[in-house]
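> This is the content of input_10.txt (compact mmCIF, C-alpha atoms):
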```txt
# COMPACT_ATOMS: atom_id res chain seq x y z
CA PHE A 1 20.99 -3.77 63.91
CA SER A 2 23.58 -2.51 61.52
CA SER A 3 24.20 -5.92 59.91
CA GLN A 4 20.59 -6.49 58.92
CA PRO A 5 20.27 -3.60 56.45
CA ARG A 6 23.62 -4.58 54.94
CA THR A 7 22.26 -8.07 54.28
CA LYS A 8 19.16 -6.59 52.75
CA SER A 9 21.18 -4.26 50.64
CA ARG A 10 23.35 -7.08 49.39
CA SER A 11 20.34 -9.25 48.55
CA GLY A 12 18.66 -6.30 46.95
CA ARG A 13 21.73 -5.63 44.91
CA ALA A 14 21.85 -9.29 43.82
CA LYS A 15 18.20 -9.19 42.82
CA ASP A 16 18.73 -5.95 40.97
CA SER A 17 21.74 -7.34 39.18
CA ALA A 18 19.85 -10.55 38.26
CA PHE A 19 16.85 -8.53 37.15
CA ARG A 20 18.98 -6.25 35.08
CA GLY A 21 20.94 -9.12 33.50
CA LYS A 22 17.97 -10.72 31.81
CA PRO A 23 16.97 -7.78 29.65
CA VAL A 24 20.60 -7.22 28.84
CA ARG A 25 20.93 -10.77 27.56
CA ALA A 26 17.64 -10.56 25.61
CA SER A 27 18.59 -7.26 24.05
CA THR A 28 21.98 -8.67 23.09
CA ALA A 29 20.40 -11.68 21.38
CA SER A 30 17.84 -9.54 19.58
CA ARG A 31 20.54 -7.17 18.48
CA GLY A 32 22.55 -10.09 17.20
CA ALA A 33 19.55 -11.40 15.23
CA MET A 34 18.82 -7.98 13.83
CA GLY A 35 22.44 -7.50 12.98
CA GLY A 36 22.48 -10.85 11.15
CA SER A 37 19.35 -10.00 9.16
CA HIS A 38 20.76 -6.58 8.29
CA SER A 39 24.01 -8.18 7.18
CA LYS A 40 22.16 -10.68 4.98
CA ALA A 41 20.02 -7.94 3.47
CA ALA A 42 23.10 -5.86 2.85
CA HIS A 43 24.79 -8.84 1.20
CA LYS A 44 21.77 -9.40 -1.04
CA ASP A 45 21.67 -5.72 -1.93
CA GLU A 46 25.35 -5.85 -2.76
CA ILE A 47 24.84 -8.87 -5.04
CA HIS A 48 21.81 -7.24 -6.64
CA SER A 49 23.77 -4.03 -7.17
CA LYS A 50 26.54 -6.00 -8.87
CA ARG A 51 24.29 -8.18 -11.05
CA GLY A 52 21.23 -5.96 -11.20
CA PRO A 53 21.95 -3.93 -14.35
CA LEU A 54 22.93 -6.95 -16.44
CA SER A 55 19.98 -9.03 -15.31
CA SER A 56 17.54 -6.16 -15.82
CA LEU A 57 18.89 -5.51 -19.30
CA LYS A 58 18.59 -9.21 -20.13
CA GLU A 59 15.02 -9.34 -18.87
CA ALA A 60 14.15 -6.22 -20.85
CA GLY A 61 15.72 -7.70 -23.97
CA ASP A 62 13.79 -10.94 -23.53
CA LYS A 63 10.54 -9.03 -23.15
CA VAL A 64 11.23 -6.97 -26.26
CA LYS A 65 12.14 -10.11 -28.23
CA GLU A 66 8.98 -11.86 -27.07
CA HIS A 67 6.87 -8.84 -27.99
CA VAL A 68 8.42 -8.62 -31.46
CA GLN A 69 7.88 -12.34 -32.09
CA GLU A 70 4.29 -12.04 -30.93
CA GLU A 71 3.67 -9.08 -33.20
CA LEU A 72 5.28 -10.82 -36.21
CA GLY A 73 3.21 -13.92 -35.55
CA ARG A 74 0.00 -11.91 -35.48
CA ARG A 75 0.86 -10.11 -38.70
CA MET A 76 1.71 -13.39 -40.43
CA MET A 77 -1.58 -14.86 -39.22
CA ILE A 78 -3.54 -11.86 -40.52
CA GLN A 79 -1.71 -11.98 -43.87
CA ARG A 80 -2.40 -15.70 -44.20
CA GLU A 81 -6.08 -15.32 -43.38
CA VAL A 82 -6.45 -12.42 -45.84
CA GLN A 83 -4.80 -14.42 -48.62
CA MET A 84 -6.98 -17.46 -47.96
CA ALA A 85 -10.11 -15.31 -47.87
CA VAL A 86 -9.15 -13.70 -51.20
CA ASN A 87 -8.62 -17.12 -52.81
CA ILE A 88 -11.99 -18.34 -51.59
CA ALA A 89 -13.71 -15.15 -52.78
CA ARG A 90 -12.02 -15.47 -56.19
CA ALA A 91 -13.22 -19.05 -56.51
CA ARG A 92 -16.79 -18.01 -55.65
CA ASP A 93 -16.68 -15.18 -58.19
CA THR A 94 -15.40 -17.58 -60.86
CA ILE A 95 -18.23 -19.98 -60.10
CA GLN A 96 -20.76 -17.19 -60.53
CA VAL A 97 -19.41 -16.16 -63.94
CA PHE A 98 -18.48 -19.47 -65.54
CA GLY A 99 -21.19 -21.36 -63.68
CA SER A 100 -23.80 -19.12 -65.24
CA ALA A 101 -22.30 -19.61 -68.70
CA TRP A 102 -22.13 -23.37 -68.20
CA ALA A 103 -25.72 -23.52 -66.96
CA LEU A 104 -26.88 -21.49 -69.97
CA TYR A 105 -25.01 -23.82 -72.33
CA VAL A 106 -26.47 -26.93 -70.73
CA SER A 107 -29.94 -25.41 -70.81
CA ALA A 108 -29.58 -24.66 -74.55
CA LEU A 109 -28.47 -28.22 -75.27
CA THR A 110 -31.33 -29.62 -73.24
CA ALA A 111 -33.85 -27.40 -75.03
CA ALA A 112 -32.47 -28.48 -78.42
CA LYS A 113 -32.63 -32.12 -77.39
CA VAL A 114 -36.24 -31.75 -76.25
CA ALA A 115 -37.11 -29.98 -79.49
CA GLY A 116 -35.83 -32.98 -81.41
CA LYS A 117 -32.86 -31.31 -83.02
CA SER A 118 -29.70 -33.28 -83.70
CA ILE A 119 -26.81 -32.55 -81.34
CA PRO A 120 -23.26 -33.58 -82.31
CA PRO A 121 -21.39 -35.73 -79.77
CA ALA A 122 -18.64 -33.13 -79.48
CA ALA A 123 -21.16 -30.76 -77.91
CA GLY A 124 -21.11 -32.88 -74.75
CA ILE A 125 -17.37 -32.28 -74.11
CA PRO A 126 -17.84 -28.77 -72.67
CA VAL A 127 -20.59 -30.12 -70.45
CA ILE A 128 -18.33 -32.74 -68.89
CA GLY A 129 -15.25 -30.50 -68.74
CA GLY A 130 -17.16 -27.57 -67.26
CA PHE A 131 -18.76 -29.85 -64.69
CA LEU A 132 -15.35 -31.05 -63.48
CA VAL A 133 -13.80 -27.57 -63.40
CA LEU A 134 -16.76 -25.99 -61.64
CA GLY A 135 -16.92 -28.87 -59.19
CA ASN A 136 -13.28 -28.31 -58.26
CA MET A 137 -13.89 -24.59 -57.79
CA ALA A 138 -16.98 -25.24 -55.73
CA ASP A 139 -14.98 -27.57 -53.50
CA MET A 140 -12.51 -24.77 -52.87
CA ALA A 141 -15.15 -22.08 -52.45
CA TYR A 142 -17.58 -23.99 -50.24
CA GLY A 143 -15.88 -27.27 -49.33
CA ASN A 144 -12.75 -28.25 -47.40
CA LYS A 145 -10.25 -28.28 -50.27
CA LEU A 146 -7.93 -25.79 -48.57
CA GLN A 147 -7.91 -27.86 -45.39
CA ARG A 148 -7.05 -31.03 -47.31
CA VAL A 149 -4.24 -29.25 -49.11
CA ALA A 150 -2.94 -27.82 -45.83
CA LYS A 151 -2.89 -31.25 -44.16
CA GLU A 152 -1.02 -32.72 -47.13
CA ALA A 153 1.48 -29.86 -46.98
CA GLU A 154 1.94 -30.55 -43.27
CA TYR A 155 2.74 -34.18 -44.05
CA ILE A 156 5.25 -33.16 -46.74
CA LEU A 157 7.01 -30.75 -44.39
CA GLU A 158 7.31 -33.40 -41.71
CA TYR A 159 8.11 -36.57 -43.66
CA GLU A 160 9.11 -35.47 -47.19
CA ARG A 161 11.33 -32.49 -46.50
CA ALA A 162 13.84 -33.82 -49.02
CA ARG A 163 11.49 -32.66 -51.80
CA LEU A 164 11.99 -29.05 -50.69
CA VAL A 165 15.79 -28.90 -50.98
CA PRO A 166 16.78 -25.83 -53.06
CA MET A 167 19.72 -25.39 -55.38
CA LYS A 168 23.11 -24.65 -53.87
CA GLN A 169 23.03 -20.98 -54.96
CA ALA A 170 20.00 -20.30 -52.76
CA PRO A 171 20.71 -18.46 -49.49
CA VAL A 172 18.74 -21.06 -47.51
CA ALA A 173 20.63 -24.06 -48.93
CA LYS A 174 22.95 -24.11 -45.93
CA TYR A 175 20.08 -25.08 -43.62
CA TYR A 176 19.64 -28.48 -45.30
CA SER A 177 21.78 -31.44 -44.32
CA LYS A 178 23.74 -33.67 -46.68
CA GLU A 179 21.31 -36.52 -46.03
CA GLU A 180 18.37 -34.36 -47.12
CA LYS A 181 20.23 -33.22 -50.24
CA GLY A 182 21.30 -36.74 -51.13
CA ALA A 183 17.84 -38.25 -50.70
CA MET A 184 16.31 -36.79 -53.87
CA PHE A 185 18.07 -33.63 -55.08
CA ASP A 186 21.47 -35.14 -55.87
CA LYS A 187 19.87 -38.17 -57.53
CA ALA A 188 17.63 -36.07 -59.79
CA THR A 189 18.60 -35.62 -63.45
CA PRO A 190 18.61 -32.07 -64.88
CA ALA A 191 15.73 -31.39 -67.24
CA ALA A 192 18.12 -30.50 -70.07
CA GLN A 193 19.69 -33.97 -69.92
CA ILE A 194 16.43 -35.87 -70.42
CA TRP A 195 15.42 -36.99 -73.89
CA PRO A 196 14.54 -35.26 -76.19
CA SER A 197 15.81 -32.06 -74.55
CA ASN A 198 19.34 -33.50 -74.28
CA ILE A 199 19.65 -33.42 -78.07
CA PHE A 200 19.52 -29.66 -78.49
CA SER A 201 18.69 -27.80 -75.27
CA ARG A 202 22.23 -27.08 -74.12
CA SER A 203 23.61 -26.62 -77.59
CA PHE A 204 22.34 -23.04 -77.64
CA ALA A 205 23.61 -22.20 -74.17
CA PRO A 206 26.39 -19.59 -74.01
CA PRO A 207 29.81 -20.70 -72.74
CA ALA A 208 30.41 -20.45 -69.02
CA VAL A 209 31.83 -17.10 -68.00
CA ARG A 210 34.42 -17.10 -65.29
CA ASP A 211 33.72 -14.70 -62.45
CA ASP A 212 37.05 -13.08 -61.61
CA LYS A 213 35.57 -11.22 -58.65
CA LYS A 214 34.62 -14.40 -56.89
CA ASP A 215 37.96 -15.97 -57.73
CA GLY A 216 39.76 -12.94 -56.32
CA MET A 217 37.77 -13.13 -53.14
```
Please go through the file and, once you have read it, give me the structure as C-alpha cells.

Amino acid sequence: FSSQPRTKSRSGRAKDSAFRGKPVRASTASRGAMGGSHSKAAHKDEIHSKRGPLSSLKEAGDKVKEHVQEELGRRMMIQREVQMAVNIARARDTIQVFGSAWALYVSALTAAKVAGKSIPPAAGIPVIGGFLVLGNMADMAYGNKLQRVAKEAEYILEYERARLVPMKQAPVAKYYSKEEKGAMFDKATPAAQIWPSNIFSRSFAPPAVRDDKKDGM
C-alpha cells in the first residue's frame, strides 16, 4: 500500500519535470533570439551613431547643392527666354517701322510708273535691298531663324570647339587642351601681320613694358 503512492509520486514528479522542461527550453531559445536581435540592433545603432553625423551632413550638403543648381538653372532659363523674347519683339517692331517706310516707297514708285513718269534705275536698289533686309527680319520675328542658329551653334560646340579657344590671358584658357589650341588658334596669323596691316599697324605700337610685379612673384 505504501509503495504505490511512492510510484505515483515519482511518475508524477517525472511528468512535472518533463512538462516544466519544455517551456524552459522554449523560453531559453526565444530569449536567445531576442538577445541576438537586440545585439544586432545595438550594433547598428552604434554604427549609425558613429557615422550618422557625417552621413547626415553629407546628405544635407548634397540636397543644398542640388537645390542651388536647380535654382540657377531656372534663372538661366528665364533669362534666356526673356532675352530671346526681347530680340523677337525688337525684330517685329523694326518690321513695323521700316516695313511701313519700304511699302510707302514701293507704292510711290508704282504710282509713278503707272502715271507714266520716268524712274531712274537706281531707284530700284532700295526696293531690292529693303526686301532682303525685311525678309531677314521677318524670318527672325515670325520664322524659325533662331532655331536654325541655335542648331548650328550646337554643332559648333560639339564638333568645332577649336574655333572657341580664347587667348592665353583669358581666365578660361586653362580649360582647353593643347590639341584644341593647336587645331586652329596656334596656326592663325595675327591680324596685324597680314598685308597691308603688316606695313604700318605695329609701327605705332608702344614698346613692351616689363611688369616687375609679375617678375617678382
> Can you work out the spacing between atom CA of A:Ser197 and atom CA of A:Arg163 in Å, to one decimal?
23.2 Å
> Could you tell me which of A:Gly182, A:Glu71, A:Thr94, A:Asn198 comes closest to A:Ala141 if we count all atoms listed in the file?
A:Thr94
> Just want the 12 Å neighbourhood of A:Arg90, counted on only C-alpha atoms, with same-chain residues fewer than 3 positions away dropped. Output as a ChimeraX atom specification.
/A:83-87,93-97,137-138,140-142
> Choose the residue, out of A:Ala188, A:Ile128, A:Leu134, A:Val149, that has the smallest atom-to-atom separation from A:Ala162; count only C-alpha atoms.
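Going through A:Ala188, A:Ile128, A:Leu134, A:Val149 one by one, the smallest distance to A:Ala162 is for A:Ala188.
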> Restricting the calculation to all atoms listed in the file: of A:Pro171, A:Pro121, A:Gly129, A:Gly116, which residue gets closest to A:Trp102?
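That would be A:Gly129, the residue with the smallest distance to A:Trp102.
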> Padding 6 Å on each side, edges along x, y and z: where is the centre of the box around the listed atoms of stretch 99-103 of chain A, and how long are its edges in Å to one decimal? Output it as JSON.

```
{"center_x": -23.5, "center_y": -21.3, "center_z": -66.2, "size_x": 16.5, "size_y": 16.4, "size_z": 17.0}
```
> Could you state the separation of atom CA of A:Ala103 and atom CA of A:Gly130 in Å, given to one decimal place?
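Between atom CA of A:Ala103 and atom CA of A:Gly130 the gap is 9.5 Å.
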> How far is it from atom CA of A:Ala205 to atom CA of A:Ala183, in Å with one decimal?
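Those two atoms sit 29.0 Å apart.
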> Pick out the closest residue to A:Arg92 from this set: A:Lys58, A:Asp139, A:Lys113, A:Ala108. Count only C-alpha atoms.
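Among the listed residues, the smallest separation from A:Arg92 belongs to A:Asp139.
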> Using all atoms listed in the file, which residues sit within 9 Å of A:Ala123 once same-chain residues fewer than 4 positions away are excluded, as a PDB file with C-alpha atoms, in the frame of the given file?

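Writing the result to around-v2.pdb gives the following:
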```
ATOM      1  CA  LEU A 109     -28.470 -28.220 -75.270  1.00  0.00           C
ATOM      2  CA  ILE A 119     -26.810 -32.550 -81.340  1.00  0.00           C
ATOM      3  CA  VAL A 127     -20.590 -30.120 -70.450  1.00  0.00           C
TER       4      VAL A 127
END
```
